[in-house]
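Shown here: start-v6.txt, compact mmCIF, C-alpha atoms.
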# COMPACT_ATOMS: atom_id res chain seq x y z
CA MET L 1 32.70 -28.26 55.67
CA THR L 2 33.80 -30.88 58.17
CA HIS L 3 32.88 -34.48 57.33
CA ILE L 4 32.46 -37.09 60.06
CA SER L 5 32.68 -40.86 59.72
CA ILE L 6 30.74 -42.93 62.25
CA ILE L 7 31.74 -46.60 62.42
CA THR L 8 29.32 -49.15 63.86
CA VAL L 9 30.62 -52.67 64.45
CA CYS L 10 28.03 -55.36 65.13
CA TYR L 11 27.31 -59.07 65.24
CA ASN L 12 23.86 -60.55 65.91
CA ALA L 13 22.81 -57.18 67.31
CA ALA L 14 19.15 -57.10 66.24
CA ASP L 15 18.04 -56.33 69.81
CA THR L 16 20.15 -53.17 70.13
CA ILE L 17 21.29 -51.83 66.77
CA GLU L 18 18.09 -50.08 65.73
CA ARG L 19 18.42 -47.26 68.25
CA THR L 20 22.01 -46.74 67.11
CA LEU L 21 20.93 -46.48 63.47
CA GLN L 22 18.08 -44.11 64.28
CA SER L 23 20.44 -41.96 66.31
CA VAL L 24 22.63 -41.40 63.24
CA LEU L 25 19.66 -41.07 60.87
CA GLN L 26 18.31 -38.14 62.91
CA GLN L 27 21.54 -36.12 62.80
CA THR L 28 21.13 -32.67 61.25
CA LEU L 29 24.70 -32.66 59.91
CA THR L 30 24.56 -33.62 56.24
CA THR L 31 28.25 -34.50 55.80
CA VAL L 32 28.07 -37.86 57.56
CA GLN L 33 29.49 -41.19 56.45
CA HIS L 34 28.09 -44.14 58.40
CA ILE L 35 30.14 -47.32 58.04
CA ILE L 36 28.48 -50.47 59.36
CA VAL L 37 30.79 -53.47 59.71
CA ASP L 38 28.76 -56.60 60.41
CA GLY L 39 30.45 -59.87 61.33
CA ALA L 40 28.15 -62.02 59.17
CA SER L 41 25.21 -61.93 61.57
CA THR L 42 22.76 -64.85 61.56
CA ASP L 43 19.81 -62.97 63.10
CA ASN L 44 17.92 -60.11 61.43
CA THR L 45 20.59 -57.46 62.06
CA LEU L 46 21.20 -57.01 58.33
CA GLN L 47 17.49 -56.68 57.65
CA LEU L 48 17.37 -53.75 60.07
CA VAL L 49 20.46 -52.25 58.44
CA ARG L 50 18.87 -52.49 54.97
CA GLN L 51 15.72 -50.80 56.29
CA TYR L 52 17.96 -48.07 57.69
CA GLU L 53 19.57 -47.60 54.28
CA GLN L 54 16.12 -47.10 52.76
CA GLN L 55 15.10 -44.67 55.50
CA THR L 56 18.28 -42.66 54.92
CA GLU L 57 17.63 -42.49 51.19
CA GLN L 58 14.04 -41.36 51.78
CA ALA L 59 15.16 -38.74 54.31
CA HIS L 60 17.46 -37.04 51.76
CA ASN L 61 19.74 -36.10 54.65
CA GLY L 62 22.94 -36.34 52.63
CA HIS L 63 24.32 -39.23 54.69
CA ASP L 64 26.48 -41.82 52.95
CA ILE L 65 25.87 -45.37 54.23
CA VAL L 66 28.49 -48.09 53.71
CA VAL L 67 27.67 -51.66 54.74
CA VAL L 68 30.04 -54.62 54.90
CA SER L 69 29.05 -58.05 56.19
CA GLN L 70 31.73 -60.73 56.47
CA PRO L 71 33.40 -62.85 59.16
CA ASP L 72 36.11 -61.13 61.17
CA LYS L 73 38.71 -61.94 63.80
CA GLY L 74 36.95 -60.03 66.56
CA ILE L 75 35.61 -56.59 67.35
CA TYR L 76 38.91 -54.73 66.87
CA ASP L 77 39.60 -56.43 63.56
CA ALA L 78 36.17 -55.19 62.46
CA MET L 79 37.00 -51.70 63.75
CA ASN L 80 40.18 -51.70 61.68
CA LYS L 81 38.12 -52.61 58.61
CA GLY L 82 35.91 -49.63 59.34
CA LEU L 83 38.91 -47.32 59.75
CA ALA L 84 40.23 -48.37 56.35
CA MET L 85 36.96 -47.21 54.74
CA ALA L 86 36.63 -43.93 56.64
CA GLN L 87 36.60 -40.85 54.43
CA GLY L 88 35.57 -38.15 56.90
CA ASP L 89 37.82 -35.58 58.54
CA TYR L 90 37.04 -37.16 61.91
CA VAL L 91 36.08 -40.68 62.91
CA CYS L 92 34.19 -42.05 65.90
CA PHE L 93 33.08 -45.55 66.88
CA LEU L 94 29.44 -45.99 67.85
CA ASN L 95 28.68 -49.66 68.26
CA ALA L 96 25.36 -51.48 68.49
CA GLY L 97 23.36 -50.16 71.44
CA ASP L 98 25.33 -46.90 71.64
CA THR L 99 23.74 -43.62 70.53
CA LEU L 100 24.59 -39.99 69.92
CA HIS L 101 23.26 -37.64 72.59
CA ASP L 102 20.75 -35.78 70.39
CA CYS L 103 20.09 -34.89 66.76
CA GLY L 104 22.50 -31.94 66.82
CA THR L 105 25.52 -33.73 68.28
CA LEU L 106 27.48 -34.16 65.04
CA GLN L 107 26.58 -30.64 63.94
CA ARG L 108 28.19 -29.28 67.11
CA ILE L 109 31.25 -31.52 66.75
CA ALA L 110 31.77 -30.28 63.18
CA ALA L 111 31.26 -26.67 64.23
CA ALA L 112 33.84 -27.02 67.00
CA ALA L 113 36.40 -28.29 64.48
CA GLU L 114 35.66 -25.46 62.07
CA GLU L 115 35.89 -22.75 64.72
CA GLN L 116 39.53 -23.55 65.40
CA THR L 117 42.27 -21.41 63.92
CA GLY L 118 45.86 -22.44 63.40
CA HIS L 119 48.08 -24.43 61.10
CA GLN L 120 46.29 -27.73 61.75
CA GLN L 121 42.95 -29.07 62.87
CA PRO L 122 42.44 -30.48 66.40
CA ALA L 123 43.65 -34.05 66.80
CA VAL L 124 40.79 -35.15 69.06
CA ILE L 125 37.39 -33.68 69.87
CA TYR L 126 35.82 -35.28 72.93
CA GLY L 127 33.00 -34.97 75.42
CA ASP L 128 31.03 -36.61 78.19
CA THR L 129 29.14 -39.90 78.08
CA LEU L 130 26.01 -41.25 79.77
CA ILE L 131 25.39 -44.92 80.56
CA THR L 132 22.20 -46.61 79.32
CA ASP L 133 20.55 -49.95 80.04
CA ASP L 134 19.38 -52.59 77.55
CA ASN L 135 16.26 -50.55 76.81
CA GLY L 136 18.18 -47.36 76.09
CA ALA L 137 17.10 -45.68 79.33
CA ILE L 138 19.72 -43.46 80.93
CA ILE L 139 21.23 -44.90 84.12
CA GLY L 140 23.51 -41.95 84.88
CA LYS L 141 27.02 -40.64 84.41
CA ARG L 142 30.18 -42.70 84.49
CA HIS L 143 32.07 -42.60 87.79
CA LEU L 144 35.19 -41.31 85.99
CA GLN L 145 35.02 -37.61 85.26
CA THR L 146 36.00 -36.44 81.78
CA PRO L 147 39.23 -34.42 82.07
CA GLN L 148 39.06 -30.71 81.42
CA SER L 149 42.07 -31.05 79.14
CA LEU L 150 43.12 -34.31 77.52
CA ASP L 151 46.54 -35.78 76.79
CA SER L 152 48.13 -39.24 76.67
CA ARG L 153 48.72 -39.16 80.44
CA SER L 154 45.01 -38.73 81.17
CA PHE L 155 44.43 -42.47 80.82
CA LYS L 156 46.58 -43.19 83.87
CA GLN L 157 43.34 -42.58 85.75
CA GLY L 158 41.48 -45.21 83.69
CA MET L 159 39.28 -44.86 80.61
CA THR L 160 38.59 -41.18 81.28
CA VAL L 161 37.03 -40.68 77.83
CA CYS L 162 34.89 -43.41 76.23
CA HIS L 163 35.70 -44.21 72.63
CA GLN L 164 32.04 -43.36 71.81
CA ALA L 165 32.86 -39.77 72.79
CA PHE L 166 36.32 -39.68 71.20
CA TYR L 167 36.44 -38.12 67.71
CA ALA L 168 39.90 -38.66 66.26
CA ARG L 169 41.24 -36.93 63.20
CA THR L 170 40.99 -39.58 60.49
CA ASP L 171 44.51 -39.17 59.12
CA ILE L 172 45.92 -39.88 62.59
CA ALA L 173 43.44 -42.71 63.25
CA LYS L 174 44.21 -44.50 59.99
CA ASP L 175 47.90 -44.36 60.85
CA THR L 176 47.09 -45.91 64.25
CA PRO L 177 45.11 -49.14 63.78
CA TYR L 178 43.89 -51.14 66.75
CA ASP L 179 46.44 -53.59 68.14
CA LEU L 180 44.86 -57.02 67.69
CA GLN L 181 46.89 -58.61 70.48
CA TYR L 182 44.28 -57.09 72.80
CA ARG L 183 40.84 -58.71 72.67
CA PHE L 184 38.89 -56.54 75.11
CA SER L 185 40.74 -53.28 75.82
CA ALA L 186 42.44 -52.32 72.57
CA ASP L 187 40.39 -49.11 72.60
CA VAL L 188 42.34 -47.91 75.66
CA ASP L 189 45.65 -48.53 73.91
CA TRP L 190 44.32 -46.93 70.71
CA CYS L 191 43.23 -43.72 72.44
CA ILE L 192 46.58 -43.38 74.21
CA ARG L 193 48.52 -43.88 70.96
CA ILE L 194 46.30 -41.37 69.14
CA LEU L 195 47.03 -38.78 71.84
CA GLN L 196 50.76 -39.56 71.79
CA LYS L 197 50.86 -38.90 68.05
CA ALA L 198 48.90 -35.70 68.54
CA GLU L 199 51.51 -34.52 71.03
CA LYS L 200 54.35 -35.26 68.61
CA MET L 201 52.50 -33.26 65.96
CA GLN L 202 51.80 -30.48 68.50
CA ALA L 203 48.11 -30.76 67.63
CA HIS L 204 45.64 -29.66 70.29
CA ASN L 205 42.45 -31.37 71.51
CA ILE L 206 39.00 -29.89 72.14
CA ASN L 207 36.70 -30.61 75.08
CA MET L 208 33.07 -30.10 74.05
CA LEU L 209 32.06 -29.62 77.71
CA GLN L 210 28.83 -31.47 77.08
CA VAL L 211 27.41 -34.95 76.72
CA VAL L 212 28.00 -36.27 73.20
CA ALA L 213 27.18 -39.99 73.51
CA HIS L 214 25.26 -42.67 75.40
CA TYR L 215 26.83 -46.08 75.71
CA LEU L 216 25.29 -49.44 76.49
CA GLU L 217 26.39 -50.69 79.91
CA GLN L 218 26.57 -54.34 78.82
CA GLY L 219 29.16 -53.97 76.08
CA THR L 220 31.88 -56.48 75.18
CA THR L 221 34.32 -55.04 77.72
CA THR L 222 31.72 -55.10 80.52
CA ARG L 223 30.77 -58.72 79.79
CA ASN L 224 34.46 -59.73 79.96
CA HIS L 225 35.36 -57.52 82.89
CA LYS L 226 38.14 -59.59 84.46
CA ALA L 227 39.95 -60.25 81.17
CA SER L 228 39.55 -56.59 80.27
CA LEU L 229 41.16 -55.47 83.54
CA LYS L 230 44.16 -57.75 82.94
CA GLU L 231 44.62 -56.28 79.47
CA ARG L 232 44.32 -52.74 80.78
CA PHE L 233 47.04 -53.49 83.32
CA ARG L 234 49.33 -54.66 80.50
CA ILE L 235 48.48 -51.60 78.42
CA MET L 236 49.17 -49.21 81.28
CA CYS L 237 52.51 -50.94 81.99
CA LYS L 238 53.40 -50.54 78.33
CA HIS L 239 52.71 -46.80 78.27
CA TYR L 240 53.37 -45.67 81.85
CA GLY L 241 55.69 -48.28 83.40
CA LEU L 242 55.13 -50.93 86.05
CA THR L 243 55.60 -48.76 89.15
CA THR L 244 53.14 -46.09 88.04
CA THR L 245 50.63 -48.74 86.98
CA VAL L 246 50.78 -50.58 90.32
CA LEU L 247 50.34 -47.32 92.26
CA GLN L 248 47.43 -46.28 90.06
CA HIS L 249 45.73 -49.65 90.50
CA ALA L 250 46.02 -49.28 94.27
CA LYS L 251 44.11 -46.01 93.85
CA PHE L 252 41.56 -47.80 91.66
CA VAL L 253 40.92 -50.34 94.44
CA LEU L 254 40.44 -47.59 97.02
CA ARG L 255 38.13 -45.74 94.64
CA ALA L 256 36.05 -48.89 94.09
CA ILE L 257 35.74 -49.45 97.84
CA LYS L 258 34.66 -45.86 98.33
CA ARG L 259 31.98 -46.18 95.64
CA LYS L 260 30.73 -49.42 97.18
CA TYR L 261 30.15 -47.91 100.61
CA ASN L 262 28.89 -44.50 99.54
CA LYS L 263 25.43 -44.41 98.07
CA PRO L 264 25.21 -42.21 94.94
CA LYS L 265 23.49 -38.88 95.39
CA GLN L 266 21.03 -37.33 93.01
CA TYR L 267 22.30 -34.70 90.63
CA SER L 268 21.26 -32.81 87.53
CA ILE L 269 23.32 -33.74 84.48
CA ASN L 270 22.40 -30.55 82.61
CA ASP L 271 23.27 -28.36 85.60
CA ASP L 272 26.61 -30.14 85.89
CA ILE L 273 27.60 -29.52 82.30
CA ILE L 274 26.48 -25.88 82.45
CA GLN L 275 28.47 -25.22 85.61
CA ARG L 276 31.59 -26.95 84.33
CA SER L 277 31.49 -24.93 81.12
CA LYS L 278 31.41 -21.68 83.13
CA GLY L 279 34.72 -22.43 84.81
CA ILE L 280 33.54 -22.95 88.38
CA SER L 281 35.89 -22.92 91.35
CA LYS L 282 38.19 -25.81 92.16
CA LYS L 283 36.31 -26.38 95.43
CA THR L 284 33.02 -26.77 93.57
CA VAL L 285 34.59 -29.07 90.96
CA ASN L 286 36.00 -31.31 93.69
CA HIS L 287 32.60 -31.41 95.42
CA THR L 288 30.94 -32.39 92.11
CA ALA L 289 33.53 -35.10 91.49
CA ARG L 290 32.83 -36.58 94.95
CA ILE L 291 29.13 -36.74 94.17
CA TYR L 292 29.80 -38.72 91.01
CA LYS L 293 32.12 -41.22 92.60
Take the structure from the file and write it as structure tokens.
Amino acid sequence: MTHISIITVCYNAADTIERTLQSVLQQTLTTVQHIIVDGASTDNTLQLVRQYEQQTEQAHNGHDIVVVSQPDKGIYDAMNKGLAMAQGDYVCFLNAGDTLHDCGTLQRIAAAAEEQTGHQQPAVIYGDTLITDDNGAIIGKRHLQTPQSLDSRSFKQGMTVCHQAFYARTDIAKDTPYDLQYRFSADVDWCIRILQKAEKMQAHNINMLQVVAHYLEQGTTTRNHKASLKERFRIMCKHYGLTTTVLQHAKFVLRAIKRKYNKPKQYSINDDIIQRSKGISKKTVNHTARIYK
């Protein structure tokens, strides 16, 4: 049976972490390891985490909770600590304020891994993400559409898959720690390097064709938007070269202008996922993508 490690990194996150903890607690998959790496919080974050440990024990859901609280050198240093403790077959980062889509999300991720045949398991299992506000209410979809198939070149278009929806095989992830020279966008670099290793190993990736996570709009990267963009430029230059990166950023600017002057239209998220999973025509896909931009 497939085991999944969820890593939650937090610091003074009492206002947002509870919904993250409850999201994992409610998962029907029993083979779950939840690693919580706290940066020595001074609010009541740890109190909520201890309550969560008790709730998990009372639920008899089979989940293994690991808690570490100590100072760190930043969010990606804490993520690396979590990676070192991961024991599942797959690992995913779900930080304070982020949640899994519903109680069956991990069950479906595990089932997708187990359904695959071949000489090795998928390198990455990924899906769609919804954006939420500070209260956990869904704002909508991201403007970037999750690629139908994923490889290391997919991130030329930007962060096409959020790390909250990116389940990496743990053996590959442990061999690919976060690069601490990046303070705000190391997750972009990490995802690209994971996919590059997968390609060298000739390991395939699986698109779940459904929403698997909700992420908090006001995360660390969002709060440090300008610094994050500068880091992403450096990361893209590193992996794709300067010329490609400059051309792509020109497209990003045009895309941002288009979004600014085109009001978003209403759409049904469930209908979108259903239609995409049925293999709709290219014309319809392009029309859907325009609606989301």
Mind running segment 30-67 of chain L against segment 72-94 of chain L at 12 Å and telling me each contacting residue's nearest atom pair with the distance in Å (one decimal), counting all atoms listed in the file, chain and number ascending, as CSV?
residue,atom,partner,partner_atom,distance
L:Thr30,CA,L:Gly88,CA,11.9
L:Thr31,CA,L:Gly88,CA,8.3
L:Val32,CA,L:Gly88,CA,7.5
L:Gln33,CA,L:Gly88,CA,6.8
L:His34,CA,L:Ala86,CA,8.7
L:Ile35,CA,L:Gly82,CA,6.3
L:Ile36,CA,L:Gly82,CA,7.5
L:Val37,CA,L:Ala78,CA,6.3
L:Asp38,CA,L:Ala78,CA,7.8
L:Gly39,CA,L:Asp72,CA,5.8
L:Ala40,CA,L:Asp72,CA,8.3
L:Ser41,CA,L:Asp72,CA,10.9
L:His63,CA,L:Gly88,CA,11.5
L:Asp64,CA,L:Gln87,CA,10.3
L:Ile65,CA,L:Ala86,CA,11.1
L:Val66,CA,L:Met85,CA,8.6
L:Val67,CA,L:Gly82,CA,9.7
Expected file: the selected residues, C-alpha atoms, as an mmCIF file, keeping the file's coordinate frame:
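Final output, saved to result_28.cif:
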data_model
loop_
_atom_site.group_PDB
_atom_site.id
_atom_site.type_symbol
_atom_site.label_atom_id
_atom_site.label_comp_id
_atom_site.auth_asym_id
_atom_site.auth_seq_id
_atom_site.Cartn_x
_atom_site.Cartn_y
_atom_site.Cartn_z
ATOM 1 C CA THR L 30 24.560 -33.620 56.240
ATOM 2 C CA THR L 31 28.250 -34.500 55.800
ATOM 3 C CA VAL L 32 28.070 -37.860 57.560
ATOM 4 C CA GLN L 33 29.490 -41.190 56.450
ATOM 5 C CA HIS L 34 28.090 -44.140 58.400
ATOM 6 C CA ILE L 35 30.140 -47.320 58.040
ATOM 7 C CA ILE L 36 28.480 -50.470 59.360
ATOM 8 C CA VAL L 37 30.790 -53.470 59.710
ATOM 9 C CA ASP L 38 28.760 -56.600 60.410
ATOM 10 C CA GLY L 39 30.450 -59.870 61.330
ATOM 11 C CA ALA L 40 28.150 -62.020 59.170
ATOM 12 C CA SER L 41 25.210 -61.930 61.570
ATOM 13 C CA HIS L 63 24.320 -39.230 54.690
ATOM 14 C CA ASP L 64 26.480 -41.820 52.950
ATOM 15 C CA ILE L 65 25.870 -45.370 54.230
ATOM 16 C CA VAL L 66 28.490 -48.090 53.710
ATOM 17 C CA VAL L 67 27.670 -51.660 54.740
#
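From atom CA of Val211 of chain L back to atom CA of Ile6 of chain L, the distance works out to 16.9 Å.
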Give me the residues near Lys200 of chain L as a short mmCIF file (atom, residue, chain, number, x, y, z; two decimals) with C-alpha atoms, in the coordinates of the input, where near means some atom within 12 Å (using only C-alpha atoms) and where sequence neighbours in that chain fewer than 3 positions away do not count.
data_model
loop_
_atom_site.label_atom_id
_atom_site.label_comp_id
_atom_site.auth_asym_id
_atom_site.auth_seq_id
_atom_site.Cartn_x
_atom_site.Cartn_y
_atom_site.Cartn_z
CA ALA L 123 43.65 -34.05 66.80
CA ASP L 151 46.54 -35.78 76.79
CA SER L 152 48.13 -39.24 76.67
CA ILE L 172 45.92 -39.88 62.59
CA ARG L 193 48.52 -43.88 70.96
CA ILE L 194 46.30 -41.37 69.14
CA LEU L 195 47.03 -38.78 71.84
CA GLN L 196 50.76 -39.56 71.79
CA LYS L 197 50.86 -38.90 68.05
CA ALA L 203 48.11 -30.76 67.63
CA HIS L 204 45.64 -29.66 70.29
#
